[in-house]
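What follows is the content of entry-v1.cif, which has mmCIF, C-alpha atoms:
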data_upload
#
loop_
_atom_site.group_PDB
_atom_site.id
_atom_site.type_symbol
_atom_site.label_atom_id
_atom_site.label_comp_id
_atom_site.auth_asym_id
_atom_site.auth_seq_id
_atom_site.Cartn_x
_atom_site.Cartn_y
_atom_site.Cartn_z
ATOM 1 C CA MET N 1 11.622 18.586 44.841
ATOM 2 C CA GLU N 2 11.201 15.547 47.076
ATOM 3 C CA VAL N 3 13.240 17.313 49.756
ATOM 4 C CA ILE N 4 10.900 20.292 49.626
ATOM 5 C CA GLN N 5 7.892 18.016 50.003
ATOM 6 C CA GLN N 6 9.382 16.231 53.010
ATOM 7 C CA GLN N 7 10.606 19.292 54.845
ATOM 8 C CA ILE N 8 7.981 21.956 54.197
ATOM 9 C CA ARG N 9 4.427 21.757 55.510
ATOM 10 C CA LEU N 10 1.745 24.096 54.172
ATOM 11 C CA ASP N 11 -1.398 22.295 55.275
ATOM 12 C CA ARG N 12 -3.752 24.040 57.671
ATOM 13 C CA PRO N 13 -3.322 23.136 61.350
ATOM 14 C CA GLN N 14 -6.252 21.492 63.109
ATOM 15 C CA THR N 15 -8.217 24.624 63.953
ATOM 16 C CA LYS N 16 -11.877 24.898 64.921
ATOM 17 C CA ALA N 17 -14.052 26.395 62.194
ATOM 18 C CA SER N 18 -15.480 28.877 64.709
ATOM 19 C CA TYR N 19 -11.983 30.132 65.588
ATOM 20 C CA SER N 20 -11.041 30.424 61.901
ATOM 21 C CA ALA N 21 -14.213 32.433 61.257
ATOM 22 C CA PHE N 22 -13.429 34.608 64.281
ATOM 23 C CA LEU N 23 -9.943 35.378 62.926
ATOM 24 C CA CYS N 24 -11.377 36.330 59.531
ATOM 25 C CA ILE N 25 -14.069 38.572 61.021
ATOM 26 C CA ILE N 26 -11.572 40.365 63.272
ATOM 27 C CA PHE N 27 -9.219 40.843 60.334
ATOM 28 C CA ILE N 28 -12.013 42.246 58.133
ATOM 29 C CA ILE N 29 -13.049 44.716 60.851
ATOM 30 C CA LEU N 30 -9.458 45.861 61.403
ATOM 31 C CA GLU N 31 -8.794 46.082 57.654
ATOM 32 C CA GLU N 32 -11.864 48.288 57.222
ATOM 33 C CA GLY N 33 -10.759 50.476 60.121
ATOM 34 C CA LYS N 34 -7.264 50.751 58.669
ATOM 35 C CA CYS N 35 -8.570 51.805 55.241
ATOM 36 C CA LEU N 36 -11.137 54.285 56.585
ATOM 37 C CA PHE N 37 -8.798 55.973 59.052
ATOM 38 C CA SER N 38 -5.958 56.055 56.513
ATOM 39 C CA TYR N 39 -8.218 57.760 53.991
ATOM 40 C CA ALA N 40 -9.667 60.132 56.603
ATOM 41 C CA LEU N 41 -6.111 61.102 57.522
ATOM 42 C CA ARG N 42 -5.613 62.352 53.957
ATOM 43 C CA TYR N 43 -9.182 63.605 53.493
ATOM 44 C CA TYR N 44 -8.982 66.047 56.410
ATOM 45 C CA ASN N 45 -5.401 67.095 55.601
ATOM 46 C CA LYS N 46 -5.763 68.519 52.073
ATOM 47 C CA ASP N 47 -5.418 65.111 50.388
ATOM 48 C CA LYS N 48 -1.947 64.363 51.758
ATOM 49 C CA TYR N 49 -0.498 62.564 54.759
ATOM 50 C CA PRO N 50 0.552 64.880 57.613
ATOM 51 C CA ILE N 51 3.856 63.004 57.883
ATOM 52 C CA HIS N 52 5.984 61.218 55.303
ATOM 53 C CA GLN N 53 4.473 57.873 54.297
ATOM 54 C CA LEU N 54 7.713 55.977 55.050
ATOM 55 C CA ILE N 55 7.702 57.330 58.610
ATOM 56 C CA LEU N 56 4.080 56.234 58.947
ATOM 57 C CA VAL N 57 5.054 52.711 57.857
ATOM 58 C CA THR N 58 7.998 52.691 60.275
ATOM 59 C CA LEU N 59 5.800 53.690 63.225
ATOM 60 C CA THR N 60 3.255 51.054 62.260
ATOM 61 C CA GLU N 61 5.828 48.261 62.061
ATOM 62 C CA PHE N 62 7.351 49.371 65.372
ATOM 63 C CA LEU N 63 3.950 49.248 67.082
ATOM 64 C CA LYS N 64 3.357 45.751 65.669
ATOM 65 C CA CYS N 65 6.609 44.744 67.318
ATOM 66 C CA LEU N 66 5.457 46.209 70.640
ATOM 67 C CA PHE N 67 2.097 44.445 70.316
ATOM 68 C CA VAL N 68 3.744 41.023 70.236
ATOM 69 C CA ILE N 69 6.662 41.778 72.589
ATOM 70 C CA SER N 70 4.272 42.371 75.506
ATOM 71 C CA PRO N 71 2.624 38.902 75.498
ATOM 72 C CA PHE N 72 6.001 37.299 74.690
ATOM 73 C CA VAL N 73 7.602 38.847 77.797
ATOM 74 C CA TYR N 74 4.543 37.890 79.845
ATOM 75 C CA GLN N 75 4.821 34.284 78.665
ATOM 76 C CA PHE N 76 8.597 33.774 78.749
ATOM 77 C CA ARG N 77 9.600 36.501 81.262
ATOM 78 C CA THR N 78 12.513 37.662 79.085
ATOM 79 C CA LEU N 79 13.537 38.796 75.605
ATOM 80 C CA LEU N 80 17.013 37.325 75.934
ATOM 81 C CA ARG N 81 15.918 33.971 74.537
ATOM 82 C CA ILE N 82 15.349 35.583 71.115
ATOM 83 C CA ARG N 83 18.126 34.914 68.607
ATOM 84 C CA LEU N 84 17.730 37.126 65.549
ATOM 85 C CA SER N 85 17.723 35.177 62.284
ATOM 86 C CA LEU N 86 18.255 36.622 58.814
ATOM 87 C CA ILE N 87 15.604 34.278 57.397
ATOM 88 C CA PHE N 88 13.081 36.908 58.537
ATOM 89 C CA LEU N 89 14.827 39.672 56.579
ATOM 90 C CA PRO N 90 13.720 38.820 52.969
ATOM 91 C CA PRO N 91 10.005 39.666 53.543
ATOM 92 C CA ALA N 92 10.962 43.142 54.772
ATOM 93 C CA LEU N 93 13.166 43.725 51.723
ATOM 94 C CA ILE N 94 10.504 42.472 49.306
ATOM 95 C CA TYR N 95 7.840 44.680 50.901
ATOM 96 C CA ALA N 96 10.165 47.639 50.340
ATOM 97 C CA ILE N 97 10.612 46.647 46.673
ATOM 98 C CA THR N 98 6.867 46.190 46.023
ATOM 99 C CA SER N 99 6.122 49.527 47.685
ATOM 100 C CA ASN N 100 8.495 51.247 45.278
ATOM 101 C CA ILE N 101 7.065 49.319 42.318
ATOM 102 C CA PHE N 102 3.623 50.566 43.339
ATOM 103 C CA LEU N 103 4.736 54.206 43.431
ATOM 104 C CA TYR N 104 6.501 53.888 40.073
ATOM 105 C CA ALA N 105 3.546 52.087 38.448
ATOM 106 C CA LEU N 106 1.192 54.924 39.380
ATOM 107 C CA THR N 107 3.007 57.100 36.857
ATOM 108 C CA TYR N 108 1.506 54.844 34.147
ATOM 109 C CA VAL N 109 -1.896 53.718 35.481
ATOM 110 C CA THR N 110 -4.490 54.761 38.053
ATOM 111 C CA PRO N 111 -4.660 53.073 41.502
ATOM 112 C CA ALA N 112 -7.889 51.290 40.488
ATOM 113 C CA VAL N 113 -6.299 49.752 37.392
ATOM 114 C CA TRP N 114 -3.226 48.774 39.439
ATOM 115 C CA ILE N 115 -5.370 46.999 42.057
ATOM 116 C CA VAL N 116 -6.899 44.874 39.297
ATOM 117 C CA LEU N 117 -3.574 44.169 37.579
ATOM 118 C CA ILE N 118 -1.862 42.858 40.722
ATOM 119 C CA GLN N 119 -4.629 40.354 41.452
ATOM 120 C CA GLY N 120 -2.506 37.956 39.449
ATOM 121 C CA LYS N 121 -0.881 37.267 42.830
ATOM 122 C CA VAL N 122 -3.882 35.053 43.647
ATOM 123 C CA ILE N 123 -3.254 32.822 40.621
ATOM 124 C CA PHE N 124 0.522 32.852 41.196
ATOM 125 C CA THR N 125 -0.006 31.777 44.811
ATOM 126 C CA VAL N 126 -2.252 28.847 43.868
ATOM 127 C CA ALA N 127 0.224 27.849 41.133
ATOM 128 C CA MET N 128 3.103 27.878 43.650
ATOM 129 C CA TYR N 129 1.059 25.745 46.041
ATOM 130 C CA ARG N 130 0.363 23.217 43.315
ATOM 131 C CA PHE N 131 3.542 23.043 41.233
ATOM 132 C CA ILE N 132 6.326 23.908 43.686
ATOM 133 C CA PHE N 133 5.047 22.522 46.987
ATOM 134 C CA LYS N 134 2.742 19.838 45.493
ATOM 135 C CA LYS N 135 -0.145 20.971 47.654
ATOM 136 C CA PRO N 136 -3.421 19.481 46.326
ATOM 137 C CA VAL N 137 -5.495 22.090 44.474
ATOM 138 C CA SER N 138 -8.849 20.997 43.059
ATOM 139 C CA LYS N 139 -10.535 22.339 39.934
ATOM 140 C CA THR N 140 -13.112 24.137 42.069
ATOM 141 C CA GLN N 141 -10.304 25.848 43.995
ATOM 142 C CA TRP N 142 -8.735 27.000 40.717
ATOM 143 C CA LEU N 143 -12.127 28.357 39.688
ATOM 144 C CA GLY N 144 -12.532 30.029 43.080
ATOM 145 C CA ALA N 145 -9.137 31.718 42.738
ATOM 146 C CA PHE N 146 -10.068 32.962 39.252
ATOM 147 C CA LEU N 147 -13.381 34.350 40.523
ATOM 148 C CA ILE N 148 -11.568 36.246 43.294
ATOM 149 C CA VAL N 149 -9.722 38.124 40.542
ATOM 150 C CA VAL N 150 -12.984 38.710 38.641
ATOM 151 C CA ALA N 151 -14.699 40.021 41.791
ATOM 152 C CA ILE N 152 -11.979 42.607 42.390
ATOM 153 C CA ALA N 153 -12.139 43.686 38.752
ATOM 154 C CA PHE N 154 -15.860 44.390 39.155
ATOM 155 C CA SER N 155 -15.333 46.210 42.450
ATOM 156 C CA GLN N 156 -12.940 48.638 40.738
ATOM 157 C CA LEU N 157 -15.110 49.098 37.653
ATOM 158 C CA PRO N 158 -16.462 52.555 38.636
ATOM 159 C CA SER N 159 -12.929 53.914 39.078
ATOM 160 C CA ILE N 160 -11.663 52.253 35.891
ATOM 161 C CA MET N 161 -14.392 53.730 33.677
ATOM 162 C CA GLY N 162 -12.915 56.483 31.576
ATOM 163 C CA THR N 163 -9.368 55.127 31.909
ATOM 164 C CA THR N 164 -7.374 55.144 28.692
ATOM 165 C CA PHE N 165 -6.740 51.636 27.350
ATOM 166 C CA PRO N 166 -4.762 49.599 26.477
ATOM 167 C CA VAL N 167 -2.628 49.500 29.610
ATOM 168 C CA PRO N 168 1.037 50.375 28.903
ATOM 169 C CA VAL N 169 3.295 47.352 28.527
ATOM 170 C CA ILE N 170 5.590 48.615 31.298
ATOM 171 C CA ALA N 171 2.624 48.680 33.702
ATOM 172 C CA LEU N 172 1.730 45.081 32.783
ATOM 173 C CA LEU N 173 5.316 43.948 33.342
ATOM 174 C CA LEU N 174 5.498 45.781 36.673
ATOM 175 C CA SER N 175 2.198 44.237 37.792
ATOM 176 C CA MET N 176 3.435 40.740 36.905
ATOM 177 C CA LEU N 177 6.661 41.334 38.838
ATOM 178 C CA ASN N 178 4.740 42.763 41.784
ATOM 179 C CA SER N 179 2.267 39.850 41.750
ATOM 180 C CA LEU N 180 5.056 37.283 41.616
ATOM 181 C CA LEU N 181 6.926 38.929 44.482
ATOM 182 C CA ALA N 182 3.733 39.307 46.537
ATOM 183 C CA ALA N 183 2.817 35.656 46.024
ATOM 184 C CA GLY N 184 6.345 34.514 46.813
ATOM 185 C CA VAL N 185 6.702 36.546 50.003
ATOM 186 C CA SER N 186 3.222 35.511 51.158
ATOM 187 C CA ILE N 187 4.059 31.823 50.864
ATOM 188 C CA TYR N 188 7.530 32.454 52.324
ATOM 189 C CA ILE N 189 5.958 33.905 55.470
ATOM 190 C CA GLU N 190 3.400 31.102 55.589
ATOM 191 C CA VAL N 191 6.214 28.546 55.394
ATOM 192 C CA LEU N 192 8.060 30.283 58.235
ATOM 193 C CA PHE N 193 4.984 30.446 60.467
ATOM 194 C CA LYS N 194 4.072 26.796 59.870
ATOM 195 C CA ASN N 195 7.524 25.182 59.840
ATOM 196 C CA ASP N 196 9.913 27.248 61.953
ATOM 197 C CA ASN N 197 10.367 25.842 65.465
ATOM 198 C CA ARG N 198 10.345 29.217 67.213
ATOM 199 C CA PRO N 199 7.242 30.272 69.199
ATOM 200 C CA PHE N 200 4.733 32.142 67.024
ATOM 201 C CA LEU N 201 5.222 35.335 69.039
ATOM 202 C CA GLU N 202 8.976 35.209 68.499
ATOM 203 C CA GLN N 203 8.476 34.699 64.760
ATOM 204 C CA GLN N 204 6.331 37.833 64.667
ATOM 205 C CA ILE N 205 8.828 39.835 66.741
ATOM 206 C CA GLN N 206 11.613 38.975 64.294
ATOM 207 C CA LEU N 207 9.453 39.731 61.257
ATOM 208 C CA TYR N 208 8.327 43.115 62.582
ATOM 209 C CA PHE N 209 11.811 43.983 63.849
ATOM 210 C CA PHE N 210 13.324 43.606 60.379
ATOM 211 C CA SER N 211 10.364 45.437 58.812
ATOM 212 C CA THR N 212 10.840 48.314 61.245
ATOM 213 C CA LEU N 213 14.575 48.396 60.573
ATOM 214 C CA THR N 214 14.114 48.394 56.789
ATOM 215 C CA SER N 215 11.427 51.080 56.887
ATOM 216 C CA ALA N 216 13.482 53.236 59.248
ATOM 217 C CA LEU N 217 16.538 53.067 56.995
ATOM 218 C CA LEU N 218 14.419 53.976 53.959
ATOM 219 C CA SER N 219 12.885 56.855 55.922
ATOM 220 C CA ILE N 220 16.306 58.208 56.837
ATOM 221 C CA TYR N 221 17.448 57.900 53.223
ATOM 222 C CA CYS N 222 14.344 59.457 51.625
ATOM 223 C CA THR N 223 13.334 62.201 54.067
ATOM 224 C CA ARG N 224 14.886 65.394 55.331
ATOM 225 C CA LEU N 225 15.000 65.895 59.090
ATOM 226 C CA GLY N 226 14.001 69.538 58.789
ATOM 227 C CA ASP N 227 10.882 68.666 56.788
ATOM 228 C CA VAL N 228 9.962 65.932 59.275
ATOM 229 C CA ALA N 229 10.251 68.326 62.226
ATOM 230 C CA THR N 230 8.054 70.867 60.435
ATOM 231 C CA GLN N 231 5.415 68.233 59.681
ATOM 232 C CA TRP N 232 5.222 67.157 63.329
ATOM 233 C CA LYS N 233 4.993 70.789 64.431
ATOM 234 C CA ASP N 234 2.143 71.534 61.999
ATOM 235 C CA LEU N 235 -0.018 68.586 63.067
ATOM 236 C CA THR N 236 -3.543 69.665 64.067
ATOM 237 C CA PRO N 237 -5.327 67.897 66.977
ATOM 238 C CA ARG N 238 -7.696 66.140 64.535
ATOM 239 C CA SER N 239 -4.822 65.013 62.308
ATOM 240 C CA LEU N 240 -2.931 63.742 65.347
ATOM 241 C CA ILE N 241 -5.925 61.679 66.542
ATOM 242 C CA LEU N 242 -6.474 60.241 63.044
ATOM 243 C CA LEU N 243 -2.760 59.517 62.751
ATOM 244 C CA LEU N 244 -2.752 57.576 66.026
ATOM 245 C CA LEU N 245 -5.901 55.669 65.040
ATOM 246 C CA THR N 246 -4.379 54.823 61.649
ATOM 247 C CA ILE N 247 -1.181 53.517 63.231
ATOM 248 C CA VAL N 248 -3.033 51.460 65.862
ATOM 249 C CA MET N 249 -5.561 49.959 63.418
ATOM 250 C CA THR N 250 -2.894 49.170 60.811
ATOM 251 C CA SER N 251 -0.667 47.535 63.420
ATOM 252 C CA ALA N 252 -3.506 45.452 64.859
ATOM 253 C CA GLN N 253 -4.541 44.452 61.332
ATOM 254 C CA GLY N 254 -0.996 43.243 60.653
ATOM 255 C CA VAL N 255 -0.959 41.078 63.780
ATOM 256 C CA ALA N 256 -4.371 39.604 62.893
ATOM 257 C CA LEU N 257 -3.102 38.892 59.377
ATOM 258 C CA ALA N 258 -0.170 36.928 60.797
ATOM 259 C CA SER N 259 -2.625 34.717 62.722
ATOM 260 C CA ILE N 260 -4.547 34.005 59.507
ATOM 261 C CA MET N 261 -1.297 33.032 57.783
ATOM 262 C CA GLN N 262 -0.431 30.641 60.606
ATOM 263 C CA HIS N 263 -3.844 29.007 61.037
ATOM 264 C CA LEU N 264 -5.197 29.192 57.457
ATOM 265 C CA ASP N 265 -3.322 30.173 54.277
ATOM 266 C CA SER N 266 -2.408 32.941 51.845
ATOM 267 C CA ILE N 267 -5.567 32.636 49.712
ATOM 268 C CA VAL N 268 -7.734 33.196 52.797
ATOM 269 C CA LYS N 269 -5.676 36.343 53.410
ATOM 270 C CA TYR N 270 -6.465 37.545 49.893
ATOM 271 C CA TYR N 271 -10.190 36.982 49.908
ATOM 272 C CA THR N 272 -10.767 38.304 53.443
ATOM 273 C CA ALA N 273 -8.826 41.439 52.486
ATOM 274 C CA ASN N 274 -10.947 41.752 49.340
ATOM 275 C CA ILE N 275 -14.186 41.409 51.332
ATOM 276 C CA ALA N 276 -12.924 44.164 53.609
ATOM 277 C CA ASN N 277 -12.058 46.352 50.620
ATOM 278 C CA ILE N 278 -15.540 46.030 49.125
ATOM 279 C CA LEU N 279 -17.206 46.714 52.477
ATOM 280 C CA THR N 280 -14.845 49.657 52.971
ATOM 281 C CA ALA N 281 -16.009 51.099 49.649
ATOM 282 C CA ILE N 282 -19.598 50.875 50.868
ATOM 283 C CA LEU N 283 -18.729 52.558 54.182
ATOM 284 C CA SER N 284 -16.684 55.193 52.370
ATOM 285 C CA ALA N 285 -19.699 56.137 50.266
ATOM 286 C CA TRP N 286 -21.511 56.872 53.530
ATOM 287 C CA CYS N 287 -18.611 58.616 55.302
ATOM 288 C CA PHE N 288 -17.223 60.524 52.299
ATOM 289 C CA PRO N 289 -20.155 60.971 49.871
ATOM 290 C CA ASP N 290 -18.328 63.674 47.905
ATOM 291 C CA LYS N 291 -15.559 61.227 47.033
ATOM 292 C CA PHE N 292 -17.301 57.838 46.730
ATOM 293 C CA SER N 293 -20.540 56.578 45.221
ATOM 294 C CA LEU N 294 -22.073 53.119 44.931
ATOM 295 C CA ASN N 295 -23.508 51.275 41.946
ATOM 296 C CA TRP N 296 -24.440 47.757 40.885
ATOM 297 C CA SER N 297 -20.795 46.680 40.422
ATOM 298 C CA PHE N 298 -20.103 46.573 44.185
ATOM 299 C CA GLY N 299 -23.051 44.280 44.850
ATOM 300 C CA LEU N 300 -22.070 42.031 41.953
ATOM 301 C CA SER N 301 -18.427 41.901 43.042
ATOM 302 C CA LEU N 302 -19.435 40.929 46.584
ATOM 303 C CA ALA N 303 -21.732 38.179 45.230
ATOM 304 C CA ILE N 304 -18.963 36.815 42.995
ATOM 305 C CA LEU N 305 -16.532 36.914 45.906
ATOM 306 C CA VAL N 306 -18.907 34.916 48.122
ATOM 307 C CA ILE N 307 -19.199 32.268 45.376
ATOM 308 C CA ALA N 308 -15.397 32.263 44.979
ATOM 309 C CA ILE N 309 -14.890 31.720 48.715
ATOM 310 C CA PHE N 310 -17.400 28.852 48.740
ATOM 311 C CA LEU N 311 -15.632 27.155 45.817
ATOM 312 C CA TYR N 312 -12.180 27.563 47.341
ATOM 313 C CA GLU N 313 -13.285 26.407 50.803
ATOM 314 C CA LYS N 314 -15.588 23.622 49.560
ATOM 315 C CA ASN N 315 -13.038 20.840 50.146
ATOM 316 C CA HIS N 316 -12.248 22.101 53.654
ATOM 317 C CA LEU N 317 -15.960 22.326 54.458
ATOM 318 C CA ASN N 318 -16.488 18.741 53.252
ATOM 319 C CA VAL N 319 -13.661 17.557 55.529
ATOM 320 C CA LEU N 320 -15.207 19.355 58.514
ATOM 321 C CA VAL N 321 -18.647 17.870 57.798
ATOM 322 C CA SER N 322 -17.245 14.346 57.452
ATOM 323 C CA LYS N 323 -15.342 14.673 60.743
ATOM 324 C CA HIS N 324 -18.519 15.888 62.414
ATOM 325 C CA HIS N 325 -20.458 12.846 61.213
ATOM 326 C CA ILE N 326 -17.704 10.514 62.372
#
Structure translated into structure tokens:
Amino acid sequence: MEVIQQQIRLDRPQTKASYSAFLCIIFIILEEGKCLFSYALRYYNKDKYPIHQLILVTLTEFLKCLFVISPFVYQFRTLLRIRLSLIFLPPALIYAITSNIFLYALTYVTPAVWIVLIQGKVIFTVAMYRFIFKKPVSKTQWLGAFLIVVAIAFSQLPSIMGTTFPVPVIALLLSMLNSLLAAGVSIYIEVLFKNDNRPFLEQQIQLYFFSTLTSALLSIYCTRLGDVATQWKDLTPRSLILLLLTIVMTSAQGVALASIMQHLDSIVKYYTANIANILTAILSAWCFPDKFSLNWSFGLSLAILVIAIFLYEKNHLNVLVSKHHI
């Protein structure tokens, strides 16, 4: 354990508060765009994606790779300095596993219930910080993490109402496995970004390369070429535009998320994503009134989430204030 403490750094780099806020705001905007365009893609295509979901993921990961290759080539003038490392492969494999767990779990519970169940990843992440990496976690941060879970539960309350309870044991076990894997891979990526000696752009290139490769292999295994060709042929102009917007917004969101992981931490990723999800629900009620409606639970969940963020960030805010006075 002492070796882990000496070798692995998970503290936040010295980053201006204004830049951190900028990263979070950009991520929230892109996350909202990703969710809205992804839903619109299904909404205007008879409640199904115009192409296989695995192909959509593959295209998204490939575009992420292109996004970061361009500035890397501009900065270093070549791609030949990149030496592929298998340490970037595990996240891609785990993402593939959790995606399949998600699809299997939906045979037992609704998406809304699943979203609530997997919020255990927040608690697992804080526990890993504290007990594995010995990162200081205050009581207020523990409370903040717990309130993040509570806030998401309230945000999903309208969709959960009418669901048959109790939740099947298999769904609970799957959610715990998913949460543990999600927490582990999140910290794994954070460790890579903060401790690996490669340039940040190269780290991202390797991560997205292996994600693209894994998704492409799964696509080849799970789809039929004839069906894929038919889907592309049947794309309407509106579906094509929404598809392109979905791919671009999702890719940009992924790159912004990587910056949050490098400059902040995994818990910030969770609560900014949750803010975006609540705001997306509000926008969805305006854009798709026949599918979404608002009630008091969204306002309450947003209020709880704001309190949770304050509690989790309180120590960091105190440090910033003390430095300012000095």
Could you list, as an NGL selection string, every residue matched by the PyMOL selection byres ((chain N and resi 100-113) around 7) in this structure?
:N and (96-99 or 114-117 or 156 or 159-160 or 168 or 171 or 174 or 178)
Leu279 of chain N surroundings by only C-alpha atoms, 12 Å radius, close-in-sequence under 6 positions cut, as an MDAnalysis selection string:
chainID N and resid 28:33 35:36 155 272:273 285:286 294 298:299 301:302 305
Given all atoms listed in the file, how would the per-residue table for segment 19-82 of chain N near segment 234-243 of chain N read, listing every residue at most 7 Å away with its closest atom pair and distance in Å to one decimal, sorted by chain and number, as a tab-separated table?
residue	atom	partner	partner_atom	distance
N:Phe37	CA	N:Leu242	CA	6.3
N:Leu41	CA	N:Leu242	CA	5.6
N:Pro50	CA	N:Leu235	CA	6.6
For this file, the PyMOL selection byres ((chain N and resi 184) around 10) selects which residues, as a ChimeraX atom specification?
/N:91,94,121,124-125,128,178-183,185-190
Would you output that residue set with C-alpha atoms, as a tab-separated table (two decimals), in the coordinates of the input?
chain	number	residue	atom	x	y	z
N	91	PRO	CA	10.01	39.67	53.54
N	94	ILE	CA	10.50	42.47	49.31
N	121	LYS	CA	-0.88	37.27	42.83
N	124	PHE	CA	0.52	32.85	41.20
N	125	THR	CA	-0.01	31.78	44.81
N	128	MET	CA	3.10	27.88	43.65
N	178	ASN	CA	4.74	42.76	41.78
N	179	SER	CA	2.27	39.85	41.75
N	180	LEU	CA	5.06	37.28	41.62
N	181	LEU	CA	6.93	38.93	44.48
N	182	ALA	CA	3.73	39.31	46.54
N	183	ALA	CA	2.82	35.66	46.02
N	185	VAL	CA	6.70	36.55	50.00
N	186	SER	CA	3.22	35.51	51.16
N	187	ILE	CA	4.06	31.82	50.86
N	188	TYR	CA	7.53	32.45	52.32
N	189	ILE	CA	5.96	33.90	55.47
N	190	GLU	CA	3.40	31.10	55.59
Can you turn the PyMOL selection byres ((chain N and resi 68) around 9) into a concrete residue list for this file, as an NGL selection string? :N and (63-67 or 69-73 or 201-202 or 204-205 or 255)
Check: Within 10 Å of segment 54-59 of chain N, counting all atoms listed in the file, which residues qualify if same-chain residues fewer than 6 places away don't, as a list of chain:residue names?
Finding: N:Cys65, N:Ala96, N:Ser99, N:Tyr208, N:Ser211, N:Thr212, N:Leu213, N:Thr214, N:Ser215, N:Ala216, N:Leu217, N:Leu218, N:Ser219, N:Ile220, N:Cys222, N:Thr223, N:Val228, N:Leu243, N:Leu244, N:Thr246, N:Ile247, N:Val248, N:Thr250, N:Ser251
The distance between atom CA of Asp265 of chain N and atom CA of Phe88 of chain N is 18.2 Å
The distance between atom CA of Asp47 of chain N and atom CA of Val149 of chain N is 29.0 Å
The distance between atom CA of Tyr74 of chain N and atom CA of Tyr19 of chain N is 23.2 Å
If the box runs along x, y and z of the file and leaves 3 Å on each side of segment 133-146 of chain N, what are its centre and edge lengths in Å, one decimal, as lines of an AutoDock Vina configuration file?
center_x = -4.0
center_y = 26.2
center_z = 43.5
size_x = 24.2
size_y = 19.5
size_z = 14.4
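Among the candidates N:Thr15, N:Asn274, N:Asn315, N:Gln206, the residue lying nearest to Ala151 of chain N is N:Asn274 (atoms considered: only C-alpha atoms).
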What lies within 12 Å of Lys314 of chain N using all atoms listed in the file, ignoring chain neighbours under 5 positions off, as a short mmCIF file (atom, residue, chain, number, x, y, z; two decimals) with C-alpha atoms, in the frame of the given file?
data_model
loop_
_atom_site.label_atom_id
_atom_site.label_comp_id
_atom_site.auth_asym_id
_atom_site.auth_seq_id
_atom_site.Cartn_x
_atom_site.Cartn_y
_atom_site.Cartn_z
CA VAL N 137 -5.50 22.09 44.47
CA SER N 138 -8.85 21.00 43.06
CA LYS N 139 -10.54 22.34 39.93
CA THR N 140 -13.11 24.14 42.07
CA GLN N 141 -10.30 25.85 44.00
CA TRP N 142 -8.74 27.00 40.72
CA LEU N 143 -12.13 28.36 39.69
CA GLY N 144 -12.53 30.03 43.08
CA VAL N 306 -18.91 34.92 48.12
CA ILE N 307 -19.20 32.27 45.38
CA ALA N 308 -15.40 32.26 44.98
CA ILE N 309 -14.89 31.72 48.72
CA VAL N 319 -13.66 17.56 55.53
CA LEU N 320 -15.21 19.36 58.51
CA VAL N 321 -18.65 17.87 57.80
#
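Closest approach to Ile152 of chain N among N:Tyr43, N:Val126, N:Ile275, N:Phe292: N:Ile275, based on all atoms listed in the file.
Counting only C-alpha atoms, the residue from N:Ser266, N:Ser259, N:Asn195, N:Ser297 that sits nearest to Val150 of chain N is N:Ser297.
Closest approach to Met176 of chain N among N:Leu157, N:Leu84, N:Ile118, N:Leu257 is made by N:Ile118 (distances from all atoms listed in the file).
When all atoms listed in the file are used to compute distances to Ile82 of chain N, the closest of the residues N:Gly254, N:Arg198, N:Leu264, N:Leu207 turns out to be N:Arg198.
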